[in-house]
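upload32.cif, holding mmCIF, C-alpha atoms and all ligand atoms:
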```
data_data
#
loop_
_atom_site.label_atom_id
_atom_site.label_comp_id
_atom_site.auth_asym_id
_atom_site.auth_seq_id
_atom_site.Cartn_x
_atom_site.Cartn_y
_atom_site.Cartn_z
CA MET A 1 -35.14 -55.31 7.18
CA LYS A 2 -32.01 -53.57 6.08
CA ASN A 3 -31.57 -50.00 7.10
CA ASN A 4 -31.21 -47.46 4.31
CA THR A 5 -27.75 -46.05 4.92
CA ALA A 6 -28.33 -43.01 2.73
CA TRP A 7 -31.05 -41.45 4.90
CA TRP A 8 -28.67 -39.08 6.69
CA LEU A 9 -27.17 -38.12 3.35
CA ARG A 10 -30.58 -37.12 2.04
CA ILE A 11 -31.30 -35.11 5.15
CA THR A 12 -28.00 -33.25 4.88
CA VAL A 13 -28.51 -32.46 1.21
CA ALA A 14 -32.10 -31.30 1.78
CA PHE A 15 -31.01 -29.22 4.74
CA PHE A 16 -28.35 -27.37 2.77
CA LEU A 17 -30.73 -26.91 -0.13
CA VAL A 18 -33.15 -25.20 2.26
CA ILE A 19 -30.35 -22.96 3.57
CA ILE A 20 -29.36 -21.96 0.05
CA LEU A 21 -32.97 -21.31 -0.94
CA MET A 22 -33.46 -19.13 2.10
CA GLU A 23 -30.33 -17.16 1.28
CA VAL A 24 -31.69 -16.62 -2.21
CA TYR A 25 -35.20 -15.61 -1.21
CA ILE A 26 -34.73 -13.73 2.05
CA ASP A 27 -33.88 -10.14 1.33
CA SER A 28 -31.07 -9.40 3.75
CA GLY A 29 -29.07 -6.89 1.72
CA ASP A 30 -25.43 -7.68 1.11
CA LYS A 31 -25.03 -9.68 4.28
CA PRO A 32 -26.04 -13.33 4.65
CA ALA A 33 -29.49 -13.71 6.15
CA PHE A 34 -27.84 -15.61 8.99
CA LEU A 35 -26.09 -12.49 10.24
CA VAL A 36 -29.09 -10.24 9.81
CA TYR A 37 -31.68 -12.42 11.58
CA PRO A 38 -29.57 -14.82 13.68
CA THR A 39 -32.13 -16.06 16.23
CA LEU A 40 -34.92 -16.33 13.70
CA MET A 41 -32.74 -18.23 11.25
CA PHE A 42 -31.34 -20.65 13.83
CA GLY A 43 -34.82 -21.33 15.17
CA PHE A 44 -36.10 -21.95 11.68
CA MET A 45 -33.12 -24.17 10.81
CA ALA A 46 -33.63 -26.29 13.91
CA LEU A 47 -37.30 -26.65 13.00
CA ILE A 48 -36.46 -27.69 9.44
CA LEU A 49 -33.91 -30.20 10.68
CA LEU A 50 -36.38 -31.75 13.10
CA LEU A 51 -38.97 -31.86 10.36
CA LEU A 52 -36.60 -33.58 7.94
CA ILE A 53 -35.62 -36.17 10.53
CA ALA A 54 -39.27 -36.77 11.36
CA ILE A 55 -40.06 -37.26 7.67
CA ALA A 56 -37.16 -39.69 7.34
CA PHE A 57 -38.50 -41.71 10.28
CA ILE A 58 -42.03 -41.75 8.92
CA VAL A 59 -40.86 -42.88 5.49
CA GLN A 60 -38.79 -45.56 7.16
CA ALA A 61 -41.77 -46.72 9.20
CA ILE A 62 -44.06 -46.82 6.17
CA GLU A 63 -41.48 -48.81 4.26
CA ASN A 64 -41.25 -51.19 7.17
CA VAL A 65 -44.98 -51.75 7.32
CA LEU A 66 -45.24 -52.21 3.56
CA TYR A 67 -42.34 -54.64 3.69
CA HIS A 68 -44.16 -56.88 6.12
CA THR A 69 -47.20 -57.06 3.88
CA LEU A 70 -45.08 -58.54 1.04
CA ASP A 71 -44.84 -62.25 0.39
CA GLU A 72 -41.48 -64.01 0.68
CA GLU A 73 -40.56 -63.76 -2.99
CA ALA A 74 -41.36 -60.07 -3.17
CA LYS A 75 -39.38 -59.47 0.01
CA ALA A 76 -36.33 -61.06 -1.60
CA ARG A 77 -36.75 -58.97 -4.73
CA TYR A 78 -37.18 -55.83 -2.70
CA LEU A 79 -34.03 -56.52 -0.72
CA SER A 80 -31.89 -57.22 -3.76
CA ALA A 81 -33.10 -54.01 -5.41
CA LYS A 82 -32.24 -52.13 -2.30
CA GLU A 83 -28.86 -53.79 -2.18
CA GLU A 84 -27.86 -52.00 -5.36
CA LYS A 85 -28.07 -48.57 -3.77
CA TRP A 86 -28.22 -46.85 -7.09
CA GLU A 87 -27.13 -43.47 -5.77
CA TRP A 88 -23.71 -44.86 -4.97
CA THR A 89 -23.25 -47.07 -8.00
CA TRP A 90 -24.23 -44.32 -10.40
CA GLY A 91 -21.64 -41.95 -8.94
CA LYS A 92 -18.98 -44.60 -8.87
CA ASN A 93 -19.62 -45.70 -12.46
CA MET A 94 -19.53 -42.13 -13.66
CA TYR A 95 -16.30 -41.50 -11.82
CA ASN A 96 -14.61 -44.55 -13.32
CA LYS A 97 -15.88 -43.70 -16.76
CA MET A 98 -14.49 -40.18 -16.53
CA LEU A 99 -11.11 -41.45 -15.33
CA GLY A 100 -11.06 -43.97 -18.17
CA SER A 101 -8.31 -46.00 -16.59
CA LYS A 102 -8.07 -49.70 -17.40
CA PRO A 103 -8.70 -52.07 -14.54
CA MET A 104 -5.49 -53.61 -13.26
CA GLU A 105 -6.33 -57.06 -14.61
CA ASP A 106 -6.65 -55.73 -18.20
CA GLU A 107 -3.38 -53.85 -18.19
CA VAL A 108 -1.68 -56.50 -20.32
CA GLU A 109 -3.65 -55.11 -23.26
CA ILE A 110 -1.97 -51.73 -23.12
CA ILE A 111 1.48 -52.51 -21.87
CA LEU A 112 4.25 -51.38 -24.23
CA ASP A 113 6.98 -53.78 -25.06
CA HIS A 114 9.98 -51.89 -23.78
CA ASN A 115 11.34 -52.89 -20.49
CA TYR A 116 13.71 -50.50 -18.77
CA ASP A 117 15.38 -52.48 -16.03
CA GLY A 118 12.03 -53.88 -15.03
CA ILE A 119 10.11 -50.65 -15.43
CA ARG A 120 7.31 -51.09 -17.95
CA GLU A 121 5.17 -48.44 -19.57
CA LEU A 122 1.39 -48.44 -20.06
CA ASP A 123 -0.16 -46.82 -23.12
CA ASN A 124 -3.15 -45.30 -21.34
CA LYS A 125 -5.72 -43.28 -23.27
CA LEU A 126 -6.20 -39.65 -22.32
CA PRO A 127 -8.72 -39.53 -19.49
CA PRO A 128 -12.20 -38.67 -20.81
CA TRP A 129 -12.76 -35.83 -18.30
CA TRP A 130 -9.73 -34.10 -19.76
CA VAL A 131 -10.70 -34.77 -23.36
CA TYR A 132 -14.24 -33.42 -22.77
CA LEU A 133 -12.85 -30.28 -21.18
CA PHE A 134 -10.62 -29.85 -24.19
CA TYR A 135 -13.58 -30.19 -26.60
CA ALA A 136 -15.56 -27.76 -24.49
CA SER A 137 -12.75 -25.21 -24.72
CA ILE A 138 -12.72 -25.60 -28.52
CA VAL A 139 -16.45 -24.96 -28.68
CA PHE A 140 -16.04 -21.98 -26.39
CA ALA A 141 -13.24 -20.59 -28.54
CA VAL A 142 -15.33 -20.86 -31.71
CA VAL A 143 -18.30 -19.11 -30.11
CA TYR A 144 -16.03 -16.45 -28.68
CA LEU A 145 -14.25 -15.88 -31.98
CA VAL A 146 -17.49 -15.50 -33.90
CA ARG A 147 -19.10 -13.28 -31.31
CA PHE A 148 -16.25 -10.91 -30.54
CA HIS A 149 -13.97 -10.99 -33.56
CA ILE A 150 -16.40 -11.44 -36.41
CA TYR A 151 -19.55 -9.74 -35.13
CA ASN A 152 -17.60 -7.37 -32.83
CA ASP A 153 -20.22 -7.65 -30.12
CA TYR A 154 -18.53 -5.36 -27.57
CA THR A 155 -14.97 -4.55 -26.60
CA GLN A 156 -13.40 -4.82 -23.18
CA ASP A 157 -13.33 -1.04 -23.01
CA GLU A 158 -17.05 -0.85 -23.59
CA GLU A 159 -17.64 -3.55 -21.03
CA TYR A 160 -15.57 -1.61 -18.53
CA ALA A 161 -17.35 1.67 -19.23
CA GLN A 162 -20.68 -0.10 -18.91
CA GLU A 163 -19.77 -1.57 -15.54
CA VAL A 164 -18.44 1.74 -14.26
CA ALA A 165 -21.64 3.46 -15.34
CA THR A 166 -23.76 0.87 -13.54
CA ALA A 167 -21.62 1.19 -10.44
CA GLN A 168 -21.93 4.97 -10.61
CA LEU A 169 -25.70 4.67 -10.64
CA GLU A 170 -25.56 2.33 -7.67
CA ILE A 171 -23.34 4.77 -5.78
CA GLU A 172 -25.77 7.62 -6.49
CA GLU A 173 -28.62 5.44 -5.31
CA TYR A 174 -26.69 4.53 -2.18
CA LYS A 175 -25.74 8.11 -1.41
CA LYS A 176 -29.38 9.15 -1.47
CA THR A 177 -30.13 6.78 1.38
CA ALA A 178 -26.83 7.19 3.25
CA LYS A 179 -26.65 10.72 4.56
CA GLY A 180 -23.62 9.84 6.68
CA LEU A 181 -21.51 9.28 3.59
CA VAL A 182 -19.98 12.73 3.28
CA ASP A 183 -16.42 13.95 3.48
CA ALA A 184 -14.68 17.26 2.97
CA ASN A 185 -14.83 16.84 -0.81
CA THR A 186 -18.49 15.95 -1.18
CA VAL A 187 -20.09 17.90 1.65
CA GLU A 188 -22.72 20.50 0.72
CA LEU A 189 -24.05 23.30 2.87
CA LEU A 190 -27.13 22.02 4.71
CA THR A 191 -30.01 24.48 4.93
CA ASP A 192 -32.81 22.34 6.42
CA ALA A 193 -33.98 23.66 9.77
CA SER A 194 -33.70 20.16 11.23
CA ASP A 195 -30.05 19.90 10.18
CA LEU A 196 -29.23 23.36 11.52
CA ASN A 197 -30.96 22.57 14.81
CA ALA A 198 -29.00 19.36 15.11
CA GLY A 199 -25.85 21.38 14.36
CA LYS A 200 -26.80 23.87 17.04
CA THR A 201 -27.19 21.10 19.63
CA ILE A 202 -23.81 19.65 18.69
CA PHE A 203 -22.23 23.10 18.82
CA GLU A 204 -23.71 23.85 22.22
CA SER A 205 -22.55 20.62 23.75
CA ASN A 206 -19.03 20.57 22.26
CA CYS A 207 -17.81 23.92 21.01
CA VAL A 208 -19.13 26.77 23.16
CA ALA A 209 -16.29 26.54 25.67
CA CYS A 210 -13.90 27.96 23.10
CA HIS A 211 -16.09 29.59 20.48
CA MET A 212 -18.96 30.95 22.65
CA ALA A 213 -22.61 30.16 22.06
CA ASP A 214 -22.96 33.08 19.62
CA GLY A 215 -19.71 32.18 17.82
CA GLY A 216 -17.97 35.34 19.05
CA GLY A 217 -14.84 33.42 19.98
CA GLY A 218 -12.60 33.07 23.05
CA ILE A 219 -9.89 30.48 23.04
CA GLY A 220 -11.00 29.74 19.51
CA PRO A 221 -11.39 32.35 16.80
CA ASN A 222 -14.47 34.40 16.03
CA LEU A 223 -16.78 32.43 13.75
CA THR A 224 -19.17 35.28 12.92
CA ASP A 225 -16.84 37.36 10.75
CA GLN A 226 -15.80 36.83 7.18
CA ASN A 227 -12.23 36.02 8.17
CA TRP A 228 -11.06 32.46 8.30
CA ILE A 229 -7.68 31.19 9.44
CA LEU A 230 -8.12 27.80 7.86
CA GLY A 231 -10.38 28.70 4.99
CA GLY A 232 -14.12 29.37 4.83
CA GLY A 233 -16.83 27.68 2.88
CA ILE A 234 -18.49 24.43 3.84
CA LYS A 235 -15.72 22.19 2.54
CA ASN A 236 -12.88 23.92 4.42
CA VAL A 237 -14.92 24.28 7.60
CA PHE A 238 -15.90 20.62 7.41
CA HIS A 239 -12.22 19.76 6.94
CA THR A 240 -11.15 21.92 9.92
CA ILE A 241 -13.75 20.45 12.25
CA SER A 242 -13.05 16.92 11.08
CA GLU A 243 -9.24 17.10 11.10
CA GLY A 244 -8.66 19.82 13.69
CA GLY A 245 -6.70 23.11 13.55
CA ARG A 246 -2.99 23.69 13.46
CA ASP A 247 -0.91 21.74 15.96
CA GLY A 248 -0.89 23.17 19.46
CA LYS A 249 -3.71 25.68 18.88
CA GLY A 250 -6.31 23.69 20.80
CA MET A 251 -8.77 22.75 18.08
CA ILE A 252 -8.87 18.96 18.06
CA ALA A 253 -9.91 16.64 15.23
CA TRP A 254 -13.59 16.04 15.91
CA LYS A 255 -13.88 13.06 13.60
CA GLN A 256 -13.15 10.85 16.62
CA ASN A 257 -16.30 12.07 18.36
CA LEU A 258 -18.65 13.21 15.61
CA LYS A 259 -20.03 11.26 12.70
CA PRO A 260 -19.55 12.76 9.21
CA VAL A 261 -23.19 13.80 9.05
CA GLU A 262 -22.88 15.53 12.43
CA ILE A 263 -19.79 17.38 11.26
CA ALA A 264 -21.72 18.51 8.20
CA GLN A 265 -24.55 19.74 10.43
CA VAL A 266 -22.33 21.60 12.86
CA ALA A 267 -20.27 23.05 9.98
CA SER A 268 -23.45 24.35 8.36
CA TYR A 269 -24.52 25.79 11.69
CA VAL A 270 -21.12 27.48 12.10
CA LEU A 271 -21.50 29.05 8.66
CA SER A 272 -24.92 30.40 9.64
CA PHE A 273 -23.10 32.67 12.16
CA GLU A 274 -21.63 34.78 9.40
CA GLY A 275 -23.14 38.25 9.38
CA THR A 276 -24.58 37.96 12.90
CA THR A 277 -23.17 40.15 15.63
CA ALA A 278 -21.70 38.47 18.68
CA ALA A 279 -22.06 40.00 22.14
CA ASN A 280 -18.34 40.01 22.72
CA PRO A 281 -16.64 39.42 19.39
CA LYS A 282 -12.99 38.48 19.19
CA ALA A 283 -10.87 40.43 16.71
CA ALA A 284 -10.81 38.98 13.23
CA GLU A 285 -8.04 36.51 12.47
CA GLY A 286 -7.00 35.12 9.13
CA ASP A 287 -8.08 36.30 5.69
CA ILE A 288 -11.40 37.25 4.24
CA TRP A 289 -12.62 34.12 2.54
CA VAL A 290 -13.65 34.37 -1.08
CA ASP A 291 -15.07 31.27 -2.63
CA PRO A 292 -12.84 30.49 -5.63
CA ASN A 293 -15.81 28.84 -7.32
CA ALA A 294 -18.05 31.87 -6.93
CA PRO A 295 -19.56 32.79 -10.30
CA GLU A 296 -18.87 36.58 -10.31
CA PRO A 297 -15.57 37.67 -11.93
CA ALA A 298 -12.98 38.53 -9.30
CA THR A 299 -11.54 42.03 -9.09
CA PRO A 300 -7.73 42.25 -8.78
CA ALA A 301 -7.98 42.91 -5.02
CA GLN A 302 -10.18 39.87 -4.49
CA GLU A 303 -7.90 37.81 -6.65
CA SER A 304 -4.92 38.37 -4.39
CA ASN A 305 -7.13 37.55 -1.44
CA THR A 306 -8.18 34.31 -3.03
CA GLU A 307 -4.60 33.38 -3.61
CA GLN A 308 -3.74 34.06 -0.02
CA VAL A 309 -6.61 31.99 1.20
CA ILE A 310 -5.63 29.17 -1.09
CA ASP A 311 -2.05 29.50 0.18
CA SER A 312 -3.14 29.25 3.78
CA MET A 313 -5.40 26.38 2.82
CA SER A 314 -2.59 24.38 1.36
CA VAL A 315 -0.50 25.13 4.43
CA SER A 316 -3.25 23.79 6.64
CA MET A 317 -3.68 20.72 4.49
CA ASN A 318 -0.01 19.79 4.80
C1 LIG B 401 -10.57 23.59 23.20
C2 LIG B 401 -11.11 24.73 22.50
C3 LIG B 401 -11.90 24.46 21.24
C4 LIG B 401 -13.03 23.70 21.12
C5 LIG B 401 -13.76 22.88 22.16
C6 LIG B 401 -13.43 23.83 19.74
N1 LIG B 401 -12.59 24.65 19.07
FE1 LIG B 401 -12.75 25.20 17.13
N2 LIG B 401 -11.01 26.19 17.28
C7 LIG B 401 -10.25 26.34 18.42
C8 LIG B 401 -9.03 27.01 18.09
C9 LIG B 401 -7.92 27.35 19.07
C10 LIG B 401 -9.06 27.26 16.69
C11 LIG B 401 -7.98 27.88 15.84
C12 LIG B 401 -7.17 26.76 15.21
C13 LIG B 401 -5.98 27.24 14.46
O1 LIG B 401 -5.66 28.41 14.55
O2 LIG B 401 -5.38 26.39 13.79
C14 LIG B 401 -10.32 26.75 16.23
C15 LIG B 401 -10.75 26.83 14.92
C16 LIG B 401 -11.98 26.45 14.50
C17 LIG B 401 -12.48 26.68 13.19
C18 LIG B 401 -11.72 27.37 12.06
C19 LIG B 401 -11.78 28.84 12.22
C20 LIG B 401 -11.00 29.57 11.19
O3 LIG B 401 -10.91 30.77 11.32
O4 LIG B 401 -10.50 28.95 10.26
C21 LIG B 401 -13.74 26.17 13.14
C22 LIG B 401 -14.67 26.18 11.95
C23 LIG B 401 -14.00 25.62 14.43
N3 LIG B 401 -12.94 25.80 15.24
C24 LIG B 401 -15.18 24.97 14.76
C25 LIG B 401 -15.34 24.29 15.94
C26 LIG B 401 -16.45 23.41 16.20
C27 LIG B 401 -17.61 23.15 15.27
C28 LIG B 401 -16.24 22.91 17.44
C29 LIG B 401 -17.12 21.92 18.18
C30 LIG B 401 -17.37 20.65 17.52
C31 LIG B 401 -15.02 23.47 17.95
N4 LIG B 401 -14.49 24.27 17.02
C32 LIG B 401 -14.54 23.18 19.20
C33 LIG B 401 -10.60 25.88 19.68
C34 LIG B 401 -11.64 25.05 19.95
#
```
Would you write out, as structure tokens, the structure that this file holds?
Amino acid sequence: MKNNTAWWLRITVAFFLVIILMEVYIDSGDKPAFLVYPTLMFGFMALILLLLIAIAFIVQAIENVLYHTLDEEAKARYLSAKEEKWEWTWGKNMYNKMLGSKPMEDEVEIILDHNYDGIRELDNKLPPWWVYLFYASIVFAVVYLVRFHIYNDYTQDEEYAQEVATAQLEIEEYKKTAKGLVDANTVELLTDASDLNAGKTIFESNCVACHMADGGGGIGPNLTDQNWILGGGIKNVFHTISEGGRDGKGMIAWKQNLKPVEIAQVASYVLSFEGTTAANPKAAEGDIWVDPNAPEPATPAQESNTEQVIDSMSVSMN
């Protein structure tokens, strides 16, 4: 009996269908399920492949058995039906139909009667695939025109605003779950005991050599007073710890060693020093920090202070 040449084709198609279905149904976030559960997926794939091959063999065997139970005439009919291999002929016919080209032997019917030094021209019809695409674009244009220019469904501006709003919501949603996603512009003072304790641990293992355990200062400035060289407030302190102090002063950029969330924790811990008394405090350096966003109206004296702090801030940013 003739072997069915398309069996491997069916297995391949089924296999990829299974892969696609798994991608669709397995919840693996933004990444392909393959990358999230590699061993599991490969094991499963191998199993599926074996299963598909086994099924192909079984079907083949059943066909074989059935074939031998047929009488001679039926066998012949069966073979000729199989010969046709409809999956191939259908595709081929469709392809030829869409190309719409005349077979070589019929070209006499469409040949034009000029003859340029032996070069003849055929009057081929436009290929149907192209013509259908063209019709489809006309239909699309009509629908589009009616929807957007007659009924004014929505404008591109509205579509844009809508997408931005959705994205904004997604970002908010994401930020809730991703605590590590802070920078100097978005950081807020952390007040949870767990965050402050984590900040304390980070401070004690990285910063005490220069700032002392009680923040009194040594090589680094006093962190317990109201004076800040590089600006106070959680955002400035976060920025200083993340990016480091002025060149050559000894305060390195900690973003190489600490994650954003850790910087936020240690910055909040540093700010909790304010108002405490250190055992051996270093003299105040820098200006008294006044939060420019503080609600109370600033007195003239405070105003000049604020300006100075903002000046020194912009110097440190540069
Ligand atoms: C090698 C010594 C050293 C270490 C370690 C160090 N600092 Fe500093 N720190 C300094 C110096 C020096 C300055 C002053 C920088 C300047 O004047 O530009 C400073 C400045 C600061 C400031 C700004 C103070 C102000 O008045 O504006 C903060 C906040 C700070 N450090 C926090 C930390 C934290 C948190 C750590 C640990 C993660 C740390 N430092 C580790 C030396 C150090």
**Fill in**
Between A:Gly118, A:Pro103, A:Pro128, A:Gly233, smallest distance to ligand LIG 401 (chain B) by only C-alpha atoms and all ligand atoms belongs to A:Gly233
**Request:** Could you please extract the residues within 8 Å of ligand LIG 401 (chain B), counting all atoms listed in the file, and hand them back as a PyMOL selection string?
**Result:** chain A and resi 202-211+219-223+227-232+237-238+240-241+244-252+254+258+263+266-267+270+285-286+316
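Between CA of Ala33 (chain A) and CA of Leu21 (chain A) lies a distance of 11.0 Å.
Taking all atoms listed in the file, the non-local environment of Ser28 (chain A) within 12 Å (same-chain residues fewer than 5 positions away omitted) comprises Met22, Glu23, Ala33, Phe34, Leu35, Val36, Tyr37, Pro38 and Met41 of chain A.
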Write a file of the selected residues as a compact mmCIF listing (two decimals), in the frame of the given file, keeping C-alpha atoms.
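Listing of part.txt after writing:
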```txt
# COMPACT_ATOMS: atom_id res chain seq x y z
CA MET A 22 -33.46 -19.13 2.10
CA GLU A 23 -30.33 -17.16 1.28
CA ALA A 33 -29.49 -13.71 6.15
CA PHE A 34 -27.84 -15.61 8.99
CA LEU A 35 -26.09 -12.49 10.24
CA VAL A 36 -29.09 -10.24 9.81
CA TYR A 37 -31.68 -12.42 11.58
CA PRO A 38 -29.57 -14.82 13.68
CA MET A 41 -32.74 -18.23 11.25
```
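Rounded to one decimal, CA of Glu188 (chain A) and CA of Ala264 (chain A) lie 7.8 Å from each other.
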As a PDB file, keeping the file's coordinate frame, please: region 16-33 of chain A completed to N, CA and C atoms.
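So the final result, stored in out_5.pdb, reads:
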```pdb
ATOM      1  N   PHE A  16     -29.147 -28.424   3.393  1.00  0.00           N
ATOM      2  CA  PHE A  16     -28.350 -27.370   2.770  1.00  0.00           C
ATOM      3  C   PHE A  16     -29.104 -26.708   1.617  1.00  0.00           C
ATOM      4  N   LEU A  17     -29.910 -27.500   0.931  1.00  0.00           N
ATOM      5  CA  LEU A  17     -30.730 -26.910  -0.130  1.00  0.00           C
ATOM      6  C   LEU A  17     -31.646 -25.837   0.461  1.00  0.00           C
ATOM      7  N   VAL A  18     -32.249 -26.168   1.628  1.00  0.00           N
ATOM      8  CA  VAL A  18     -33.150 -25.200   2.260  1.00  0.00           C
ATOM      9  C   VAL A  18     -32.378 -23.939   2.637  1.00  0.00           C
ATOM     10  N   ILE A  19     -31.165 -24.136   3.187  1.00  0.00           N
ATOM     11  CA  ILE A  19     -30.350 -22.960   3.570  1.00  0.00           C
ATOM     12  C   ILE A  19     -30.098 -22.092   2.350  1.00  0.00           C
ATOM     13  N   ILE A  20     -29.686 -22.730   1.245  1.00  0.00           N
ATOM     14  CA  ILE A  20     -29.360 -21.960   0.050  1.00  0.00           C
ATOM     15  C   ILE A  20     -30.607 -21.233  -0.466  1.00  0.00           C
ATOM     16  N   LEU A  21     -31.728 -21.939  -0.475  1.00  0.00           N
ATOM     17  CA  LEU A  21     -32.970 -21.310  -0.940  1.00  0.00           C
ATOM     18  C   LEU A  21     -33.321 -20.105  -0.083  1.00  0.00           C
ATOM     19  N   MET A  22     -33.124 -20.250   1.227  1.00  0.00           N
ATOM     20  CA  MET A  22     -33.460 -19.130   2.100  1.00  0.00           C
ATOM     21  C   MET A  22     -32.555 -17.942   1.826  1.00  0.00           C
ATOM     22  N   GLU A  23     -31.251 -18.246   1.604  1.00  0.00           N
ATOM     23  CA  GLU A  23     -30.330 -17.160   1.280  1.00  0.00           C
ATOM     24  C   GLU A  23     -30.799 -16.421   0.025  1.00  0.00           C
ATOM     25  N   VAL A  24     -31.292 -17.222  -0.941  1.00  0.00           N
ATOM     26  CA  VAL A  24     -31.690 -16.620  -2.210  1.00  0.00           C
ATOM     27  C   VAL A  24     -32.947 -15.779  -2.034  1.00  0.00           C
ATOM     28  N   TYR A  25     -33.899 -16.280  -1.245  1.00  0.00           N
ATOM     29  CA  TYR A  25     -35.200 -15.610  -1.210  1.00  0.00           C
ATOM     30  C   TYR A  25     -35.373 -14.600  -0.099  1.00  0.00           C
ATOM     31  N   ILE A  26     -34.570 -14.720   0.980  1.00  0.00           N
ATOM     32  CA  ILE A  26     -34.730 -13.730   2.050  1.00  0.00           C
ATOM     33  C   ILE A  26     -33.915 -12.505   1.694  1.00  0.00           C
ATOM     34  N   ASP A  27     -34.565 -11.369   1.703  1.00  0.00           N
ATOM     35  CA  ASP A  27     -33.880 -10.140   1.330  1.00  0.00           C
ATOM     36  C   ASP A  27     -33.144  -9.598   2.540  1.00  0.00           C
ATOM     37  N   SER A  28     -31.824  -9.864   2.579  1.00  0.00           N
ATOM     38  CA  SER A  28     -31.070  -9.400   3.750  1.00  0.00           C
ATOM     39  C   SER A  28     -29.936  -8.485   3.310  1.00  0.00           C
ATOM     40  N   GLY A  29     -30.117  -7.807   2.181  1.00  0.00           N
ATOM     41  CA  GLY A  29     -29.070  -6.890   1.720  1.00  0.00           C
ATOM     42  C   GLY A  29     -27.841  -7.652   1.290  1.00  0.00           C
ATOM     43  N   ASP A  30     -26.669  -7.050   1.547  1.00  0.00           N
ATOM     44  CA  ASP A  30     -25.430  -7.680   1.110  1.00  0.00           C
ATOM     45  C   ASP A  30     -24.987  -8.786   2.063  1.00  0.00           C
ATOM     46  N   LYS A  31     -25.511  -8.723   3.297  1.00  0.00           N
ATOM     47  CA  LYS A  31     -25.030  -9.680   4.280  1.00  0.00           C
ATOM     48  C   LYS A  31     -25.851 -10.953   4.209  1.00  0.00           C
ATOM     49  N   PRO A  32     -25.239 -12.104   4.625  1.00  0.00           N
ATOM     50  CA  PRO A  32     -26.040 -13.330   4.650  1.00  0.00           C
ATOM     51  C   PRO A  32     -27.188 -13.190   5.643  1.00  0.00           C
ATOM     52  N   ALA A  33     -28.308 -13.817   5.303  1.00  0.00           N
ATOM     53  CA  ALA A  33     -29.490 -13.710   6.150  1.00  0.00           C
ATOM     54  C   ALA A  33     -29.185 -14.169   7.574  1.00  0.00           C
TER      55      ALA A  33
END
```
